[in-house]
Each structure stands twice: as C-alpha cells, then as structure tokens.
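S.K.: My structure is below; once you've seen it, I'll send some questions.
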Amino acid sequence: MCAGGADGDPATRVGVLVPAGGAAGYELRVPDGAGDLRATALDTVNGPTVAASSAPATRRIGGVEYVTRAGWGADESLRFKADGSENSPQTYYPAQTLTVHHTAGVNGDPDPAATIRAYYHQHAITNDWGDIGYHFLIDEAGRIYEGRYSGADGLPAHDTTGKMVTAFHAAGYNSGNLGIALLGTFIDQSTAAAARNSLTLLLAALSAVHDFDPQADVTFVNPVNGVKRNVPMISGHRDWLATECPGATLYSELPALRADVAAVFSG
C-alpha cells in the first residue's frame with residue numbers, strides 16, 4: 001500500500017495489506033533478523049457488524065458526488081484510544097497542493113468499500129495513525145469515497161473555514177497537502193475510464209474551492225516544520241518521496257490529467 005505517517009515523525013511502523021480472497025488461512029514467512037512482527041486477519045465483509053451513523057450515505061462537493069464515511073461503513077471508534085481520547089486529533093491548515101496516489105492493491109476489486117474498511121483499520125490501528133491516511137479514495141467504477149475525518153460540518157476534508165485537515169499520505173509533507181488515492185495498482189496499466197473521469201472532476205472541484213491553477217508549479221511550505229519542496233500543483237506521490245506510487249503508468253499520465261482538470265476548471 002502507499003501512504004505516509006505524520007509530519008515530523010519518523011516511520012516506526014510499516015504495514016502491508018494483503019487481500020486473501022476466499023482463503024481459509026494464511027502462513028507468514030519473515031526474513032532473517034526481522035522482529036516485533038504482528039499479523040492481523042480482517043474480515044470486512046462477513047465480520048462483526050458495527051452500529052453506523054444515520055448520516056447520509058452520499059453527499060456532494062462542488063457538484064461531485066462522494067460516498068460519506070458512514071456510507072462506506074467507517075467504524076468511528078477506531079479513531080479513539082482506550083481512554084476515550086482521540087488518537088490523532090484533527091489539525092487544519094490552508095491547502096497548498098493536491099497529490100495523486102494508488103493504493104498498490106488489487107485491480108478489479110469486487111468490494112471496494114470492504115477494502116477501504118481494511119485500509120482504514122490498517123492505517124488507524126496497525127500503523128497507529130488514528131485514521132485512514134487519504135482525504136479521498138476512488139474505485140474503478142468511479143465512486144469517490146470520503147477519507148480522513150474532518151468533523152461533522154463543512155466540506156469533506158475541510159473545516160467550516162475552508163482549511164484542510166491534515167492526513168497521513170506523504171510523510172513530512174502532509175499538512176496543507178491533499179491526498180487522493182485510486183484503488184488498485186497502476187505500474188503497468190492505466191486507470192479505468194470511470195475512475196479517471198471521477199479523479200478529473202474531483203481535482204477540478206477542489207481546484208475551484210481553493211482557486212488553484214491545475215497546471216501550475218508551486219513551492220510547498222510545510223506549516224508544521226517549514227520544509228519546502230517545489231512540485232506541480234497536481235503531483236504524484238513520487239514527486240515527494242522515493243516510491244513507486246502512483247505507479248509508472250498513472251504517473252506518466254499526470255500531464256494529460258492536469259490539462260483535463262484545467263479544461264474542466266476553466267469551463
């Protein structure tokens with residue numbers, strides 16, 4: 001999977017989500033010298049049910065429909081520690097950039113909502129981030145899903161003043177950097193047309209909210225630690241860190257994506 005921890009914190013935990021399909025068991029082989037390992041089996045389809053909020057299953061941002069956290073079945077208790085305090089209380093900063101990821105998971109996913117619940121558990125509990133690492137996720141059918149919790153009011157991923165909640169998708173460069181992840185792996189294949197269209201529309205809507213130029217180059221300044229980086233306004237994860245994300249094929253398509261977003265934004 002592809003994500004990153006909190007700004008200013010070294011990566012102390014690494015987790016990998018491995019889809020098991022209809023497997024009845026699993027075997028874990030570890031490299032020599034590895035220690036402090038933990039394996040967790042998650043059944044996000046037939047496992048225990050959790051009481052969900054009565055909030056609407058879908059809403060819109062800038063005319064673009066998305067599935068709410070309640071709509072994909074987020075267990076909000078995962079955001080809290082045993083003592084009732086929130087593991088990663090929300091912090092908000094003005095948005096500066098938009099970053100595209102892939103989740104490096106399976107393509108042709110038969111149950112994307114269940115997969116998102118699995119990523120949520122991995123990020124919040126296994127990685128100890130307290131929530132899912134992305135602001136939005138998009139499946140191959142083009143459905144957009146709300147990610148990081150940002151409160152009950154305001155736009156998704158934002159507070160009522162329009163500032164953006166900090167998530168956990170690009171370690172060291174999270175605050176002010178909005179992350180969108182496409183479900184699947186795009187190292188040697190393109191995204192599905194429906195997913196590509198939804199990504200374009202969502203990026204255009206967010207560009208309108210923040211008055212961004214989708215084709216600009218910007219200097220990102222982390223408001224937490226002052227770290228700077230020159231990146232495209234719409235970047236890929238590898239523009240920030242050494243990673244394969246968002247996959248070689250998807251990354252090569254970003255210039256065309258920026259042009260399409262600019263056309264929608266201006267039109």
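Chain labels follow the order of the structure tokens: the first chain is A, the next B, and so on; residue numbering restarts at 1 in every chain, and ligands are counted from 1 in their shown order.
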Show which residues sit within 6 Å of region 86-97 of chain A, as a PDB file with N, CA, C and O atoms, in the first residue's frame. Count only C-alpha atoms, and ignore same-chain residues fewer than 6 positions away.
M.R.:
```pdb
ATOM      1  N   ARG A  79     -10.878   5.604  15.738  1.00  0.00           N
ATOM      2  CA  ARG A  79     -10.118   6.850  15.863  1.00  0.00           C
ATOM      3  C   ARG A  79      -9.727   7.164  17.308  1.00  0.00           C
ATOM      4  O   ARG A  79      -8.972   8.109  17.558  1.00  0.00           O
ATOM      5  N   PHE A  80     -10.219   6.362  18.250  1.00  0.00           N
ATOM      6  CA  PHE A  80     -10.052   6.690  19.663  1.00  0.00           C
ATOM      7  C   PHE A  80      -9.216   5.657  20.399  1.00  0.00           C
ATOM      8  O   PHE A  80      -9.232   4.474  20.079  1.00  0.00           O
ATOM      9  N   GLY A 130      -4.346   6.639  13.672  1.00  0.00           N
ATOM     10  CA  GLY A 130      -5.605   7.116  14.218  1.00  0.00           C
ATOM     11  C   GLY A 130      -6.696   7.353  13.199  1.00  0.00           C
ATOM     12  O   GLY A 130      -7.821   7.706  13.565  1.00  0.00           O
ATOM     13  N   LYS A 163     -10.232  25.511   5.748  1.00  0.00           N
ATOM     14  CA  LYS A 163      -8.893  24.936   5.919  1.00  0.00           C
ATOM     15  C   LYS A 163      -8.980  23.418   5.822  1.00  0.00           C
ATOM     16  O   LYS A 163     -10.004  22.816   6.128  1.00  0.00           O
ATOM     17  N   MET A 164      -7.876  22.807   5.433  1.00  0.00           N
ATOM     18  CA  MET A 164      -7.846  21.376   5.158  1.00  0.00           C
ATOM     19  C   MET A 164      -7.308  20.596   6.344  1.00  0.00           C
ATOM     20  O   MET A 164      -6.330  21.010   6.972  1.00  0.00           O
ATOM     21  N   VAL A 165      -7.946  19.470   6.648  1.00  0.00           N
ATOM     22  CA  VAL A 165      -7.475  18.621   7.736  1.00  0.00           C
ATOM     23  C   VAL A 165      -6.204  17.895   7.307  1.00  0.00           C
ATOM     24  O   VAL A 165      -6.058  17.496   6.150  1.00  0.00           O
ATOM     25  N   THR A 166      -5.261  17.762   8.216  1.00  0.00           N
ATOM     26  CA  THR A 166      -4.027  17.038   7.928  1.00  0.00           C
ATOM     27  C   THR A 166      -4.288  15.540   7.944  1.00  0.00           C
ATOM     28  O   THR A 166      -4.875  15.014   8.889  1.00  0.00           O
ATOM     29  N   GLY A 176      -1.384  20.673   4.676  1.00  0.00           N
ATOM     30  CA  GLY A 176      -1.572  21.527   3.509  1.00  0.00           C
ATOM     31  C   GLY A 176      -1.509  20.780   2.193  1.00  0.00           C
ATOM     32  O   GLY A 176      -1.598  21.388   1.131  1.00  0.00           O
ATOM     33  N   ASN A 177      -1.384  19.464   2.240  1.00  0.00           N
ATOM     34  CA  ASN A 177      -1.243  18.625   1.051  1.00  0.00           C
ATOM     35  C   ASN A 177      -2.402  17.636   1.022  1.00  0.00           C
ATOM     36  O   ASN A 177      -2.494  16.764   1.884  1.00  0.00           O
ATOM     37  N   MET A 233       1.328  21.616  -8.971  1.00  0.00           N
ATOM     38  CA  MET A 233       0.129  21.781  -8.150  1.00  0.00           C
ATOM     39  C   MET A 233      -0.594  20.448  -7.991  1.00  0.00           C
ATOM     40  O   MET A 233      -1.042  20.086  -6.900  1.00  0.00           O
TER      41      MET A 233
END
```
S.K.: Can you pull out every residue within 10 Å of Leu155 (chain A), counting only C-alpha atoms, but drop anything in the same chain fewer than 3 positions away, and send it as a list in words?
M.R.: Arg59, Arg60, Ile61, Gly62, Ser150, Gly151, Ala152, His158, Asp159, Thr160, Thr161, Gly162, Lys163, Met164 and Val209 of chain A
S.K.: Select, from A:Thr200, A:Thr243, A:Asn230, A:Asn222, the residue with the minimum atom-to-atom distance to Ala256 (chain A), counting only C-alpha atoms.
M.R.: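 Looking only at the distances to Ala256 (chain A), the closest residue turns out to be A:Thr200.
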S.K.: So how far away is CA of Phe186 (chain A) from CA of Ala157 (chain A), in Å?
M.R.: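 For CA of Ala157 (chain A) relative to CA of Phe186 (chain A), the distance reads 25.0 Å.
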S.K.: For Arg196 (chain A), which of A:Asp139, A:Asp217, A:Asp153, A:Asp75 is the closest residue, counting only C-alpha atoms?
M.R.: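 Of A:Asp139, A:Asp217, A:Asp153, A:Asp75, the one nearest Arg196 (chain A), counting only C-alpha atoms, is A:Asp139.
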S.K.: My list of candidates is A:Gly63, A:Gly247, A:Pro56, A:Gly147. Which is closest to Ala208 (chain A) when distances are computed with only C-alpha atoms?
M.R.: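 Of A:Gly63, A:Gly247, A:Pro56, A:Gly147, the one nearest Ala208 (chain A), counting only C-alpha atoms, is A:Gly63.
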S.K.: Just want the 9 Å neighbourhood of Leu257 (chain A), counted on only C-alpha atoms, with same-chain residues fewer than 4 positions away dropped. Output as a PDB file with N, CA and C atoms, in the first residue's frame.
M.R.:
```pdb
ATOM      1  N   ARG A 196     -10.761   7.506 -13.877  1.00  0.00           N
ATOM      2  CA  ARG A 196     -10.025   8.674 -14.402  1.00  0.00           C
ATOM      3  C   ARG A 196     -10.943   9.887 -14.510  1.00  0.00           C
ATOM      4  N   LEU A 199     -11.614  11.210 -10.986  1.00  0.00           N
ATOM      5  CA  LEU A 199     -10.429  11.900 -10.481  1.00  0.00           C
ATOM      6  C   LEU A 199     -10.334  13.295 -11.080  1.00  0.00           C
ATOM      7  N   THR A 200     -10.595  13.416 -12.372  1.00  0.00           N
ATOM      8  CA  THR A 200     -10.565  14.722 -13.041  1.00  0.00           C
ATOM      9  C   THR A 200     -11.584  15.670 -12.426  1.00  0.00           C
ATOM     10  N   ILE A 234      -0.731  19.686  -9.088  1.00  0.00           N
ATOM     11  CA  ILE A 234      -1.260  18.330  -9.034  1.00  0.00           C
ATOM     12  C   ILE A 234      -0.074  17.395  -9.222  1.00  0.00           C
ATOM     13  N   GLU A 253       0.753   9.686 -16.927  1.00  0.00           N
ATOM     14  CA  GLU A 253      -0.474  10.304 -17.429  1.00  0.00           C
ATOM     15  C   GLU A 253      -0.828  11.605 -16.706  1.00  0.00           C
ATOM     16  N   VAL A 261      -8.032  18.557 -16.103  1.00  0.00           N
ATOM     17  CA  VAL A 261      -8.572  19.254 -14.926  1.00  0.00           C
ATOM     18  C   VAL A 261      -8.682  20.753 -15.206  1.00  0.00           C
ATOM     19  N   ALA A 262      -7.670  21.318 -15.847  1.00  0.00           N
ATOM     20  CA  ALA A 262      -7.694  22.745 -16.176  1.00  0.00           C
ATOM     21  C   ALA A 262      -8.844  23.070 -17.110  1.00  0.00           C
TER      22      ALA A 262
END
```
